[in-house]
Structures are given as structure tokens and as C-alpha cells.
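Peer 1: So here's model_5.pdb (PDB, C-alpha atoms and all ligand atoms).
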ATOM      1  CA  MET A  26     -11.559  -9.070 -10.897  1.00  0.00           C
ATOM      2  CA  SER A  27     -15.002 -10.630 -10.576  1.00  0.00           C
ATOM      3  CA  GLY A  28     -17.709 -10.378  -7.931  1.00  0.00           C
ATOM      4  CA  VAL A  29     -20.430  -7.849  -7.189  1.00  0.00           C
ATOM      5  CA  ASN A  30     -18.997  -6.124  -4.137  1.00  0.00           C
ATOM      6  CA  LYS A  31     -15.346  -5.317  -4.439  1.00  0.00           C
ATOM      7  CA  ASN A  32     -14.473  -4.296  -0.923  1.00  0.00           C
ATOM      8  CA  ILE A  33     -11.075  -2.695  -0.520  1.00  0.00           C
ATOM      9  CA  VAL A  34      -9.192  -2.965   2.776  1.00  0.00           C
ATOM     10  CA  ILE A  35      -6.111  -0.770   3.163  1.00  0.00           C
ATOM     11  CA  LEU A  36      -3.293  -1.476   5.626  1.00  0.00           C
ATOM     12  CA  ILE A  37      -1.129   1.412   6.856  1.00  0.00           C
ATOM     13  CA  SER A  38       1.472   2.145   9.518  1.00  0.00           C
ATOM     14  CA  GLY A  39       1.887   5.908   9.272  1.00  0.00           C
ATOM     15  CA  SER A  40       0.644   9.052   7.621  1.00  0.00           C
ATOM     16  CA  GLY A  41      -1.528   7.208   5.149  1.00  0.00           C
ATOM     17  CA  SER A  42      -1.183   9.659   2.280  1.00  0.00           C
ATOM     18  CA  ASN A  43      -1.405   6.849  -0.289  1.00  0.00           C
ATOM     19  CA  MET A  44      -4.480   5.515   1.495  1.00  0.00           C
ATOM     20  CA  ALA A  45      -6.078   8.984   1.315  1.00  0.00           C
ATOM     21  CA  ALA A  46      -5.198   9.284  -2.382  1.00  0.00           C
ATOM     22  CA  ILE A  47      -6.880   5.934  -3.043  1.00  0.00           C
ATOM     23  CA  ALA A  48      -9.980   6.733  -0.965  1.00  0.00           C
ATOM     24  CA  GLU A  49     -10.344  10.160  -2.630  1.00  0.00           C
ATOM     25  CA  THR A  50      -9.909   8.701  -6.105  1.00  0.00           C
ATOM     26  CA  ALA A  51     -12.506   6.034  -5.301  1.00  0.00           C
ATOM     27  CA  LEU A  52     -15.067   8.788  -4.697  1.00  0.00           C
ATOM     28  CA  LYS A  53     -13.952  11.143  -7.458  1.00  0.00           C
ATOM     29  CA  ARG A  54     -13.880   8.417 -10.091  1.00  0.00           C
ATOM     30  CA  ARG A  55     -17.066   6.740  -8.853  1.00  0.00           C
ATOM     31  CA  TRP A  56     -15.578   3.305  -8.178  1.00  0.00           C
ATOM     32  CA  GLN A  57     -18.732   2.259  -6.330  1.00  0.00           C
ATOM     33  CA  ALA A  58     -21.012   2.951  -9.293  1.00  0.00           C
ATOM     34  CA  ARG A  59     -18.583   1.728 -11.931  1.00  0.00           C
ATOM     35  CA  PHE A  60     -17.055  -1.328 -10.252  1.00  0.00           C
ATOM     36  CA  GLY A  61     -19.054  -1.908  -7.063  1.00  0.00           C
ATOM     37  CA  ALA A  62     -15.844  -1.015  -5.266  1.00  0.00           C
ATOM     38  CA  ARG A  63     -15.288   1.042  -2.141  1.00  0.00           C
ATOM     39  CA  VAL A  64     -12.741   1.441   0.602  1.00  0.00           C
ATOM     40  CA  VAL A  65     -14.473  -0.286   3.502  1.00  0.00           C
ATOM     41  CA  ALA A  66     -11.723  -0.319   6.114  1.00  0.00           C
ATOM     42  CA  VAL A  67      -8.302   0.959   7.046  1.00  0.00           C
ATOM     43  CA  ILE A  68      -6.261  -1.095   9.476  1.00  0.00           C
ATOM     44  CA  SER A  69      -3.023   0.017  11.126  1.00  0.00           C
ATOM     45  CA  ASN A  70      -0.535  -1.834  13.290  1.00  0.00           C
ATOM     46  CA  LYS A  71       0.037   1.493  15.062  1.00  0.00           C
ATOM     47  CA  ALA A  72      -2.815   3.124  16.967  1.00  0.00           C
ATOM     48  CA  ALA A  73      -1.189   6.553  16.537  1.00  0.00           C
ATOM     49  CA  ALA A  74      -1.042   6.350  12.744  1.00  0.00           C
ATOM     50  CA  GLN A  75      -2.305   9.698  11.420  1.00  0.00           C
ATOM     51  CA  GLY A  76      -4.080   7.938   8.591  1.00  0.00           C
ATOM     52  CA  LEU A  77      -6.493   6.220  10.996  1.00  0.00           C
ATOM     53  CA  ALA A  78      -7.918   9.535  12.191  1.00  0.00           C
ATOM     54  CA  TRP A  79      -8.323  10.724   8.601  1.00  0.00           C
ATOM     55  CA  ALA A  80     -10.138   7.517   7.643  1.00  0.00           C
ATOM     56  CA  ARG A  81     -12.467   7.827  10.631  1.00  0.00           C
ATOM     57  CA  GLU A  82     -13.351  11.384   9.603  1.00  0.00           C
ATOM     58  CA  GLN A  83     -14.325  10.072   6.159  1.00  0.00           C
ATOM     59  CA  GLY A  84     -16.642   7.500   7.708  1.00  0.00           C
ATOM     60  CA  ILE A  85     -14.357   4.599   6.809  1.00  0.00           C
ATOM     61  CA  ALA A  86     -13.993   1.873   9.449  1.00  0.00           C
ATOM     62  CA  ALA A  87     -10.597   2.463  11.070  1.00  0.00           C
ATOM     63  CA  VAL A  88      -9.033  -0.273  13.166  1.00  0.00           C
ATOM     64  CA  ALA A  89      -5.796  -0.355  15.170  1.00  0.00           C
ATOM     65  CA  LEU A  90      -4.177  -3.723  15.803  1.00  0.00           C
ATOM     66  CA  ASP A  91      -1.011  -3.334  17.857  1.00  0.00           C
ATOM     67  CA  HIS A  92       1.569  -5.870  16.713  1.00  0.00           C
ATOM     68  CA  THR A  93       3.527  -5.524  19.976  1.00  0.00           C
ATOM     69  CA  ALA A  94       0.635  -7.210  21.794  1.00  0.00           C
ATOM     70  CA  TYR A  95       1.357 -10.507  20.000  1.00  0.00           C
ATOM     71  CA  ASP A  96       4.045 -13.072  20.841  1.00  0.00           C
ATOM     72  CA  SER A  97       4.993 -13.915  17.281  1.00  0.00           C
ATOM     73  CA  ARG A  98       4.698 -12.713  13.715  1.00  0.00           C
ATOM     74  CA  GLU A  99       2.390 -15.665  13.020  1.00  0.00           C
ATOM     75  CA  ALA A 100       0.067 -14.751  15.906  1.00  0.00           C
ATOM     76  CA  PHE A 101      -0.154 -11.138  14.762  1.00  0.00           C
ATOM     77  CA  ASP A 102      -0.767 -12.083  11.142  1.00  0.00           C
ATOM     78  CA  ALA A 103      -3.512 -14.517  12.207  1.00  0.00           C
ATOM     79  CA  ALA A 104      -5.257 -11.737  14.144  1.00  0.00           C
ATOM     80  CA  LEU A 105      -4.752  -9.348  11.237  1.00  0.00           C
ATOM     81  CA  MET A 106      -6.254 -11.837   8.789  1.00  0.00           C
ATOM     82  CA  ALA A 107      -9.290 -12.297  11.047  1.00  0.00           C
ATOM     83  CA  GLU A 108      -9.755  -8.534  11.198  1.00  0.00           C
ATOM     84  CA  ILE A 109      -9.346  -8.068   7.437  1.00  0.00           C
ATOM     85  CA  ASP A 110     -11.677 -10.957   6.609  1.00  0.00           C
ATOM     86  CA  ARG A 111     -14.519  -9.389   8.602  1.00  0.00           C
ATOM     87  CA  PHE A 112     -14.705  -6.895   5.728  1.00  0.00           C
ATOM     88  CA  GLU A 113     -14.822  -9.583   3.012  1.00  0.00           C
ATOM     89  CA  PRO A 114     -12.209  -7.896   0.844  1.00  0.00           C
ATOM     90  CA  ALA A 115     -11.745  -8.344  -2.879  1.00  0.00           C
ATOM     91  CA  LEU A 116      -8.515  -6.382  -2.643  1.00  0.00           C
ATOM     92  CA  VAL A 117      -6.059  -5.895   0.226  1.00  0.00           C
ATOM     93  CA  VAL A 118      -3.884  -2.847  -0.335  1.00  0.00           C
ATOM     94  CA  LEU A 119      -0.616  -2.310   1.531  1.00  0.00           C
ATOM     95  CA  ALA A 120       0.009   1.438   1.713  1.00  0.00           C
ATOM     96  CA  GLY A 121       3.065   2.124   3.822  1.00  0.00           C
ATOM     97  CA  PHE A 122       2.370  -0.958   5.957  1.00  0.00           C
ATOM     98  CA  MET A 123       5.799  -1.472   7.477  1.00  0.00           C
ATOM     99  CA  ARG A 124       5.582  -5.114   8.485  1.00  0.00           C
ATOM    100  CA  ILE A 125       7.090  -8.189   6.909  1.00  0.00           C
ATOM    101  CA  LEU A 126       4.228 -10.586   6.233  1.00  0.00           C
ATOM    102  CA  THR A 127       4.315 -14.315   6.919  1.00  0.00           C
ATOM    103  CA  PRO A 128       4.014 -16.750   3.983  1.00  0.00           C
ATOM    104  CA  GLY A 129       0.659 -17.868   5.432  1.00  0.00           C
ATOM    105  CA  PHE A 130      -0.696 -14.332   5.189  1.00  0.00           C
ATOM    106  CA  VAL A 131       0.564 -13.857   1.637  1.00  0.00           C
ATOM    107  CA  GLN A 132      -0.908 -17.195   0.536  1.00  0.00           C
ATOM    108  CA  HIS A 133      -4.258 -16.391   2.149  1.00  0.00           C
ATOM    109  CA  TYR A 134      -4.610 -13.261  -0.032  1.00  0.00           C
ATOM    110  CA  GLU A 135      -2.898 -14.628  -3.122  1.00  0.00           C
ATOM    111  CA  GLY A 136      -4.021 -12.731  -6.217  1.00  0.00           C
ATOM    112  CA  CYS A 137      -5.654  -9.887  -4.293  1.00  0.00           C
ATOM    113  CA  LEU A 138      -2.730  -8.404  -2.351  1.00  0.00           C
ATOM    114  CA  VAL A 139      -0.861  -5.360  -3.702  1.00  0.00           C
ATOM    115  CA  ASN A 140       1.854  -3.050  -2.384  1.00  0.00           C
ATOM    116  CA  ILE A 141       3.594   0.190  -3.263  1.00  0.00           C
ATOM    117  CA  HIS A 142       7.342   0.406  -2.825  1.00  0.00           C
ATOM    118  CA  PRO A 143       9.337   3.651  -3.044  1.00  0.00           C
ATOM    119  CA  SER A 144      11.901   2.542  -5.641  1.00  0.00           C
ATOM    120  CA  LEU A 145      12.075   1.379  -9.210  1.00  0.00           C
ATOM    121  CA  LEU A 146      11.892  -2.351  -8.464  1.00  0.00           C
ATOM    122  CA  PRO A 147      13.702  -4.657  -8.803  1.00  0.00           C
ATOM    123  CA  ALA A 148      16.265  -2.067  -7.647  1.00  0.00           C
ATOM    124  CA  PHE A 149      16.396  -1.204  -3.949  1.00  0.00           C
ATOM    125  CA  THR A 150      14.121  -3.666  -2.236  1.00  0.00           C
ATOM    126  CA  GLY A 151      13.860  -3.180   1.544  1.00  0.00           C
ATOM    127  CA  LEU A 152      14.370   0.013   3.525  1.00  0.00           C
ATOM    128  CA  LYS A 153      16.117   3.396   3.034  1.00  0.00           C
ATOM    129  CA  THR A 154      15.488   3.288  -0.700  1.00  0.00           C
ATOM    130  CA  HIS A 155      15.952   7.023  -1.304  1.00  0.00           C
ATOM    131  CA  GLN A 156      19.227   7.292   0.613  1.00  0.00           C
ATOM    132  CA  ARG A 157      20.589   4.247  -1.192  1.00  0.00           C
ATOM    133  CA  ALA A 158      19.570   5.624  -4.610  1.00  0.00           C
ATOM    134  CA  ILE A 159      21.345   8.927  -3.877  1.00  0.00           C
ATOM    135  CA  GLU A 160      24.481   7.159  -2.587  1.00  0.00           C
ATOM    136  CA  MET A 161      24.614   4.973  -5.706  1.00  0.00           C
ATOM    137  CA  GLY A 162      24.533   8.062  -7.911  1.00  0.00           C
ATOM    138  CA  CYS A 163      21.197   7.143  -9.538  1.00  0.00           C
ATOM    139  CA  ARG A 164      19.921   9.815 -11.924  1.00  0.00           C
ATOM    140  CA  LEU A 165      16.417   8.412 -11.760  1.00  0.00           C
ATOM    141  CA  ALA A 166      14.302   7.132  -8.888  1.00  0.00           C
ATOM    142  CA  GLY A 167      10.633   6.326  -8.494  1.00  0.00           C
ATOM    143  CA  ALA A 168       8.006   4.015  -7.136  1.00  0.00           C
ATOM    144  CA  THR A 169       6.478   0.674  -8.050  1.00  0.00           C
ATOM    145  CA  VAL A 170       3.050  -0.852  -7.518  1.00  0.00           C
ATOM    146  CA  HIS A 171       3.343  -4.619  -7.488  1.00  0.00           C
ATOM    147  CA  ARG A 172       1.551  -7.787  -6.525  1.00  0.00           C
ATOM    148  CA  VAL A 173       2.774  -9.260  -3.263  1.00  0.00           C
ATOM    149  CA  THR A 174       4.484 -12.627  -3.175  1.00  0.00           C
ATOM    150  CA  SER A 175       6.276 -14.272  -0.272  1.00  0.00           C
ATOM    151  CA  GLU A 176       9.569 -12.800  -1.517  1.00  0.00           C
ATOM    152  CA  LEU A 177       9.912  -9.239  -0.144  1.00  0.00           C
ATOM    153  CA  ASP A 178       9.257  -6.498  -2.740  1.00  0.00           C
ATOM    154  CA  HIS A 179       9.006  -8.955  -5.607  1.00  0.00           C
ATOM    155  CA  GLY A 180       5.933  -9.966  -7.572  1.00  0.00           C
ATOM    156  CA  GLU A 181       4.441  -8.761 -10.834  1.00  0.00           C
ATOM    157  CA  ILE A 182       4.897  -5.047 -11.476  1.00  0.00           C
ATOM    158  CA  LEU A 183       1.568  -3.311 -12.089  1.00  0.00           C
ATOM    159  CA  ASP A 184       2.718   0.295 -12.518  1.00  0.00           C
ATOM    160  CA  GLN A 185       5.760   2.502 -12.045  1.00  0.00           C
ATOM    161  CA  ALA A 186       6.581   6.189 -11.954  1.00  0.00           C
ATOM    162  CA  VAL A 187       9.980   7.758 -12.546  1.00  0.00           C
ATOM    163  CA  VAL A 188      11.290  11.016 -11.052  1.00  0.00           C
ATOM    164  CA  PRO A 189      14.703  12.652 -11.436  1.00  0.00           C
ATOM    165  CA  VAL A 190      17.282  12.640  -8.654  1.00  0.00           C
ATOM    166  CA  LEU A 191      18.429  16.261  -8.542  1.00  0.00           C
ATOM    167  CA  PRO A 192      21.834  17.600  -7.480  1.00  0.00           C
ATOM    168  CA  GLY A 193      21.818  18.305  -3.751  1.00  0.00           C
ATOM    169  CA  ASP A 194      18.827  16.073  -3.053  1.00  0.00           C
ATOM    170  CA  THR A 195      18.492  14.734   0.463  1.00  0.00           C
ATOM    171  CA  ALA A 196      16.623  11.489   1.090  1.00  0.00           C
ATOM    172  CA  GLU A 197      13.712  13.569   2.409  1.00  0.00           C
ATOM    173  CA  MET A 198      13.580  15.755  -0.720  1.00  0.00           C
ATOM    174  CA  LEU A 199      13.668  12.741  -2.999  1.00  0.00           C
ATOM    175  CA  ALA A 200      11.067  10.897  -0.899  1.00  0.00           C
ATOM    176  CA  ALA A 201       8.684  13.855  -1.171  1.00  0.00           C
ATOM    177  CA  ARG A 202       9.126  13.977  -4.963  1.00  0.00           C
ATOM    178  CA  VAL A 203       8.524  10.246  -5.259  1.00  0.00           C
ATOM    179  CA  LEU A 204       5.491  10.376  -2.950  1.00  0.00           C
ATOM    180  CA  THR A 205       3.641  12.835  -5.226  1.00  0.00           C
ATOM    181  CA  GLN A 206       3.922  10.236  -8.003  1.00  0.00           C
ATOM    182  CA  GLU A 207       2.886   7.376  -5.698  1.00  0.00           C
ATOM    183  CA  HIS A 208      -0.407   9.214  -5.268  1.00  0.00           C
ATOM    184  CA  VAL A 209      -0.875   9.063  -9.038  1.00  0.00           C
ATOM    185  CA  ILE A 210       0.144   5.489  -9.789  1.00  0.00           C
ATOM    186  CA  TYR A 211      -1.403   3.652  -6.826  1.00  0.00           C
ATOM    187  CA  PRO A 212      -5.026   4.702  -7.472  1.00  0.00           C
ATOM    188  CA  ARG A 213      -4.451   4.198 -11.196  1.00  0.00           C
ATOM    189  CA  ALA A 214      -3.140   0.652 -10.744  1.00  0.00           C
ATOM    190  CA  ILE A 215      -6.034  -0.242  -8.451  1.00  0.00           C
ATOM    191  CA  GLU A 216      -8.581   1.143 -10.889  1.00  0.00           C
ATOM    192  CA  ARG A 217      -7.066  -1.050 -13.624  1.00  0.00           C
ATOM    193  CA  LEU A 218      -7.388  -4.124 -11.389  1.00  0.00           C
ATOM    194  CA  LEU A 219     -11.006  -3.262 -10.605  1.00  0.00           C
ATOM    195  CA  ALA A 220     -11.803  -2.815 -14.284  1.00  0.00           C
ATOM    196  CA  ALA A 221     -10.156  -6.094 -15.347  1.00  0.00           C
TER     197      ALA A 221
HETATM  198  C1  LIG B 301       5.367   5.457   0.936  1.00  0.00           C
HETATM  199  O1  LIG B 301       6.449   6.156   0.395  1.00  0.00           O
HETATM  200  C2  LIG B 301       5.445   3.996   0.547  1.00  0.00           C
HETATM  201  O2  LIG B 301       5.945   3.783  -0.743  1.00  0.00           O
HETATM  202  C3  LIG B 301       6.400   3.473   1.579  1.00  0.00           C
HETATM  203  O3  LIG B 301       6.040   4.115   2.776  1.00  0.00           O
HETATM  204  C4  LIG B 301       5.484   5.391   2.461  1.00  0.00           C
HETATM  205  C5  LIG B 301       4.136   5.504   3.134  1.00  0.00           C
HETATM  206  O4  LIG B 301       3.619   6.802   3.016  1.00  0.00           O
HETATM  207  N1  LIG B 301       6.318   2.050   1.696  1.00  0.00           N
HETATM  208  C6  LIG B 301       7.355   1.270   1.996  1.00  0.00           C
HETATM  209  O5  LIG B 301       8.466   1.702   2.223  1.00  0.00           O
HETATM  210  C7  LIG B 301       7.034  -0.209   2.013  1.00  0.00           C
HETATM  211  N2  LIG B 301       8.226  -0.980   2.119  1.00  0.00           N
HETATM  212  P1  LIG B 301       2.085   7.074   3.325  1.00  0.00           P
HETATM  213  O6  LIG B 301       1.786   6.443   4.684  1.00  0.00           O
HETATM  214  O7  LIG B 301       1.986   8.567   3.373  1.00  0.00           O
HETATM  215  O8  LIG B 301       1.276   6.466   2.231  1.00  0.00           O
END
Would you mind giving the structure from this file in C-alpha cells?
Peer 2:
Amino acid sequence: MSGVNKNIVILISGSGSNMAAIAETALKRRWQARFGARVVAVISNKAAAQGLAWAREQGIAAVALDHTAYDSREAFDAALMAEIDRFEPALVVLAGFMRILTPGFVQHYEGCLVNIHPSLLPAFTGLKTHQRAIEMGCRLAGATVHRVTSELDHGEILDQAVVPVLPGDTAEMLAARVLTQEHVIYPRAIERLLAA
């Protein structure tokens, strides 16, 4: 990735634990000094997202953009793009952002849009990944960091982590085990992109 300032904008919808892991790693591993990179903004489609309050406390710009206030997916994505572009991002990071994006949005950020998905892609695209992995009898589950293309949960795989599915696991237990590894691989994948 080239350029002097590598602004990172993170999109969330909920607790934002991946966002926090990325923002903390950015400080701990001195991304600003090493790559000119910092997390400049966190944007959520839900005003109540816990992650927004956390970001605000860290001094990161935190913006809520309520998707229900827009008539169409296209109208929301246009407003979202305008908001993101104010921060002149080099990287747009989807971290539990639970919205399907329009092709126009994906094209606009082509090459600088990444996502984390709680399964070993290409298995289990979409929702309820942990429940589906348990029901299928999978012995292994995990998470994938990938580039975003207009096809949902596809795009080049940048990193993966594997965890065991244990006897008696509920979807919640498996999700918690996977999430601990998401916090490892997402910052790591982003650091690799910044260093490239
Ligand atoms: C994470 O498990 C992430 O992989 C998943 O939502 C969770 C967000 O947690 N993303 C998706 O399911 C995307 N389709 P967080 O808000 O604590 O980072």
C-alpha cells in the first residue's frame, strides 16, 4: 500500500471487539510511526453500537449513520461513502458490519476494502456460521480475513485461524472461541497490508 497517510476507517454494527483489537494493536505496534497509519474513524449503522462509545473514549472520531433513515440500500451506501470519504481512507475495514453492500460501494473501495467472517471460507458464507458448523458435524471452525468483492463473503483470503469444535459446544461457546482468534488475525492481516 502506498501513500504517506494511511488512514483507516472501521465500520461496525455491534460490540466492536475486532475494532478495539485493531485500534489497540495500531498503538501497541506503532503503526503511525512505522506505516503512517492510524485508525481515524469508526462508523456504525447503529447508534447504540457499544463500539462507538469505546472509540469515542479513545479519541477516535465515532459516527452513527442510521440505515433505517434511508429509502434504499443505494441511498444509504451513498451517504456512507460520503461519510467515509471525509476521512480520506487508505483502508476501509469491515468489523462486524452487518450490512450487505451495494456493488457501487464495493467498486468505490476496490483494493482497499477488507472484512472478517466467522468461518473458514469458502465454507459457511452468510449468517449463523457457528450453528451451521456444529450441525454439520465440523471438527474444525475458524475465521477468515478477506478482501471484499461484490460476491458476499468471497474475495482473496488474507489470513485464517482454526479452532476446534468441542463436544457439547453451543453456537455461543464456539463463537467466543473463534472471536479470540479473530482478534489475533485481523490486526495481523491489516499490518501485513500496511507493510506491503
Ligand atoms: C465477529 O465475529 C465477526 O466475524 C462477525 O461479527 C462479529 C463482530 O464482533 N462478522 C460477520 O458475521 C460478518 N458477516 P465484534 O463487533 O465484537 O467485532
Peer 1: At a cut-off of 7 Å and counting only C-alpha atoms and all ligand atoms, what residues surround ligand LIG 301 (chain B)? Please answer as an NGL selection string.
Peer 2: :A and (37-44 or 120-123 or 141-143 or 151-152 or 168 or 200 or 204 or 207)
Peer 1: I'd like the neighbourhood of Trp79 in chain A as a list in words, where a residue qualifies if any of its atoms comes within 10 Å (using all atoms listed in the file), though same-chain residues fewer than 3 positions away should be ignored.
Peer 2: Ser40, Gly41, Ser42, Met44, Ala45, Val67, Ala74, Gln75, Gly76, Glu82, Gln83, Gly84, Ile85 and Ala87 of chain A
Peer 1: For the file shown, report as a compact mmCIF listing (two decimals) with C-alpha atoms, keeping the file's coordinate frame the outcome of the PyMOL selection byres (((chain A and resi 131) around 12) and not hetatm) at residue level.
Peer 2:
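To be explicit, this is the file written out as result_30.txt:
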# COMPACT_ATOMS: atom_id res chain seq x y z
CA GLU A 99 2.39 -15.66 13.02
CA ASP A 102 -0.77 -12.08 11.14
CA ALA A 103 -3.51 -14.52 12.21
CA LEU A 105 -4.75 -9.35 11.24
CA MET A 106 -6.25 -11.84 8.79
CA VAL A 117 -6.06 -5.90 0.23
CA LEU A 119 -0.62 -2.31 1.53
CA ILE A 125 7.09 -8.19 6.91
CA LEU A 126 4.23 -10.59 6.23
CA THR A 127 4.32 -14.32 6.92
CA PRO A 128 4.01 -16.75 3.98
CA GLY A 129 0.66 -17.87 5.43
CA PHE A 130 -0.70 -14.33 5.19
CA GLN A 132 -0.91 -17.20 0.54
CA HIS A 133 -4.26 -16.39 2.15
CA TYR A 134 -4.61 -13.26 -0.03
CA GLU A 135 -2.90 -14.63 -3.12
CA GLY A 136 -4.02 -12.73 -6.22
CA CYS A 137 -5.65 -9.89 -4.29
CA LEU A 138 -2.73 -8.40 -2.35
CA VAL A 139 -0.86 -5.36 -3.70
CA ASN A 140 1.85 -3.05 -2.38
CA ARG A 172 1.55 -7.79 -6.52
CA VAL A 173 2.77 -9.26 -3.26
CA THR A 174 4.48 -12.63 -3.18
CA SER A 175 6.28 -14.27 -0.27
CA GLU A 176 9.57 -12.80 -1.52
CA LEU A 177 9.91 -9.24 -0.14
CA GLY A 180 5.93 -9.97 -7.57
Peer 1: At what distance in Å, to one decimal, does CA of His171 in chain A lie from CA of Ala48 in chain A?
Peer 2: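 Going from CA of Ala48 in chain A over to CA of His171 in chain A, I get 18.7 Å.
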Peer 1: So how many Å separate CA of Ala115 in chain A and CA of Thr93 in chain A, to one decimal?
Peer 2: 27.6 Å
Peer 1: Looking at A:Ile47, A:Ala73, A:Val64, A:Ala196, which one is nearest to Arg157 in chain A, with distances taken over all atoms listed in the file?
Peer 2: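 Looking only at the distances to Arg157 in chain A, the closest residue turns out to be A:Ala196.
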Peer 1: Skip Ile215 in chain A itself and residues of its chain fewer than 2 positions away, then list as a list of chain:residue names all residues within 9 Å of it, counting all atoms listed in the file.
Peer 2: A:Ile47, A:Leu116, A:Val118, A:Val139, A:Leu183, A:Ile210, A:Tyr211, A:Pro212, A:Arg213, A:Arg217, A:Leu218, A:Leu219, A:Ala220
Peer 1: Starting from the sparse input, extend range 144-169 of chain A to N, CA and C atoms and give the output as a PDB file, in the coordinates of the input.
Peer 2:
ATOM      1  N   SER A 144      10.719   2.648  -4.780  1.00  0.00           N
ATOM      2  CA  SER A 144      11.901   2.542  -5.641  1.00  0.00           C
ATOM      3  C   SER A 144      11.443   1.974  -6.969  1.00  0.00           C
ATOM      4  N   LEU A 145      12.358   2.016  -7.929  1.00  0.00           N
ATOM      5  CA  LEU A 145      12.075   1.379  -9.210  1.00  0.00           C
ATOM      6  C   LEU A 145      12.492  -0.078  -9.084  1.00  0.00           C
ATOM      7  N   LEU A 146      11.573  -0.915  -8.606  1.00  0.00           N
ATOM      8  CA  LEU A 146      11.892  -2.351  -8.464  1.00  0.00           C
ATOM      9  C   LEU A 146      12.241  -2.919  -9.833  1.00  0.00           C
ATOM     10  N   PRO A 147      13.147  -3.890  -9.925  1.00  0.00           N
ATOM     11  CA  PRO A 147      13.702  -4.657  -8.803  1.00  0.00           C
ATOM     12  C   PRO A 147      14.890  -3.999  -8.088  1.00  0.00           C
ATOM     13  N   ALA A 148      15.192  -2.733  -8.398  1.00  0.00           N
ATOM     14  CA  ALA A 148      16.265  -2.067  -7.647  1.00  0.00           C
ATOM     15  C   ALA A 148      15.757  -1.667  -6.257  1.00  0.00           C
ATOM     16  N   PHE A 149      16.640  -1.730  -5.295  1.00  0.00           N
ATOM     17  CA  PHE A 149      16.396  -1.204  -3.949  1.00  0.00           C
ATOM     18  C   PHE A 149      15.149  -1.772  -3.270  1.00  0.00           C
ATOM     19  N   THR A 150      15.131  -3.074  -3.115  1.00  0.00           N
ATOM     20  CA  THR A 150      14.121  -3.666  -2.236  1.00  0.00           C
ATOM     21  C   THR A 150      14.481  -3.274  -0.793  1.00  0.00           C
ATOM     22  N   GLY A 151      13.555  -3.435   0.126  1.00  0.00           N
ATOM     23  CA  GLY A 151      13.860  -3.180   1.544  1.00  0.00           C
ATOM     24  C   GLY A 151      13.731  -1.715   1.921  1.00  0.00           C
ATOM     25  N   LEU A 152      14.527  -1.307   2.910  1.00  0.00           N
ATOM     26  CA  LEU A 152      14.370   0.013   3.525  1.00  0.00           C
ATOM     27  C   LEU A 152      15.385   1.029   2.980  1.00  0.00           C
ATOM     28  N   LYS A 153      15.208   2.282   3.370  1.00  0.00           N
ATOM     29  CA  LYS A 153      16.117   3.396   3.034  1.00  0.00           C
ATOM     30  C   LYS A 153      16.378   3.500   1.533  1.00  0.00           C
ATOM     31  N   THR A 154      15.337   3.336   0.761  1.00  0.00           N
ATOM     32  CA  THR A 154      15.488   3.288  -0.700  1.00  0.00           C
ATOM     33  C   THR A 154      16.031   4.596  -1.260  1.00  0.00           C
ATOM     34  N   HIS A 155      15.564   5.728  -0.735  1.00  0.00           N
ATOM     35  CA  HIS A 155      15.952   7.023  -1.304  1.00  0.00           C
ATOM     36  C   HIS A 155      17.421   7.321  -1.006  1.00  0.00           C
ATOM     37  N   GLN A 156      17.829   7.065   0.236  1.00  0.00           N
ATOM     38  CA  GLN A 156      19.227   7.292   0.613  1.00  0.00           C
ATOM     39  C   GLN A 156      20.152   6.426  -0.236  1.00  0.00           C
ATOM     40  N   ARG A 157      19.741   5.173  -0.418  1.00  0.00           N
ATOM     41  CA  ARG A 157      20.589   4.247  -1.192  1.00  0.00           C
ATOM     42  C   ARG A 157      20.655   4.674  -2.655  1.00  0.00           C
ATOM     43  N   ALA A 158      19.560   5.169  -3.213  1.00  0.00           N
ATOM     44  CA  ALA A 158      19.570   5.624  -4.610  1.00  0.00           C
ATOM     45  C   ALA A 158      20.497   6.826  -4.768  1.00  0.00           C
ATOM     46  N   ILE A 159      20.468   7.743  -3.814  1.00  0.00           N
ATOM     47  CA  ILE A 159      21.345   8.927  -3.877  1.00  0.00           C
ATOM     48  C   ILE A 159      22.804   8.489  -3.761  1.00  0.00           C
ATOM     49  N   GLU A 160      23.090   7.605  -2.798  1.00  0.00           N
ATOM     50  CA  GLU A 160      24.481   7.159  -2.587  1.00  0.00           C
ATOM     51  C   GLU A 160      25.032   6.413  -3.799  1.00  0.00           C
ATOM     52  N   MET A 161      24.172   5.712  -4.517  1.00  0.00           N
ATOM     53  CA  MET A 161      24.614   4.973  -5.706  1.00  0.00           C
ATOM     54  C   MET A 161      24.821   5.881  -6.908  1.00  0.00           C
ATOM     55  N   GLY A 162      24.401   7.136  -6.785  1.00  0.00           N
ATOM     56  CA  GLY A 162      24.533   8.062  -7.911  1.00  0.00           C
ATOM     57  C   GLY A 162      23.443   7.896  -8.957  1.00  0.00           C
ATOM     58  N   CYS A 163      22.308   7.310  -8.581  1.00  0.00           N
ATOM     59  CA  CYS A 163      21.197   7.143  -9.538  1.00  0.00           C
ATOM     60  C   CYS A 163      20.753   8.505 -10.056  1.00  0.00           C
ATOM     61  N   ARG A 164      20.480   8.583 -11.338  1.00  0.00           N
ATOM     62  CA  ARG A 164      19.921   9.815 -11.924  1.00  0.00           C
ATOM     63  C   ARG A 164      18.399   9.792 -11.882  1.00  0.00           C
ATOM     64  N   LEU A 165      17.871   8.581 -11.777  1.00  0.00           N
ATOM     65  CA  LEU A 165      16.417   8.412 -11.760  1.00  0.00           C
ATOM     66  C   LEU A 165      16.010   7.580 -10.544  1.00  0.00           C
ATOM     67  N   ALA A 166      14.874   7.926  -9.981  1.00  0.00           N
ATOM     68  CA  ALA A 166      14.302   7.132  -8.888  1.00  0.00           C
ATOM     69  C   ALA A 166      12.810   7.015  -9.170  1.00  0.00           C
ATOM     70  N   GLY A 167      12.064   6.444  -8.224  1.00  0.00           N
ATOM     71  CA  GLY A 167      10.633   6.326  -8.494  1.00  0.00           C
ATOM     72  C   GLY A 167       9.945   5.396  -7.530  1.00  0.00           C
ATOM     73  N   ALA A 168       8.814   4.899  -7.977  1.00  0.00           N
ATOM     74  CA  ALA A 168       8.006   4.015  -7.136  1.00  0.00           C
ATOM     75  C   ALA A 168       7.381   2.932  -8.002  1.00  0.00           C
ATOM     76  N   THR A 169       7.026   1.842  -7.349  1.00  0.00           N
ATOM     77  CA  THR A 169       6.478   0.674  -8.050  1.00  0.00           C
ATOM     78  C   THR A 169       5.261   0.136  -7.318  1.00  0.00           C
TER      79      THR A 169
END
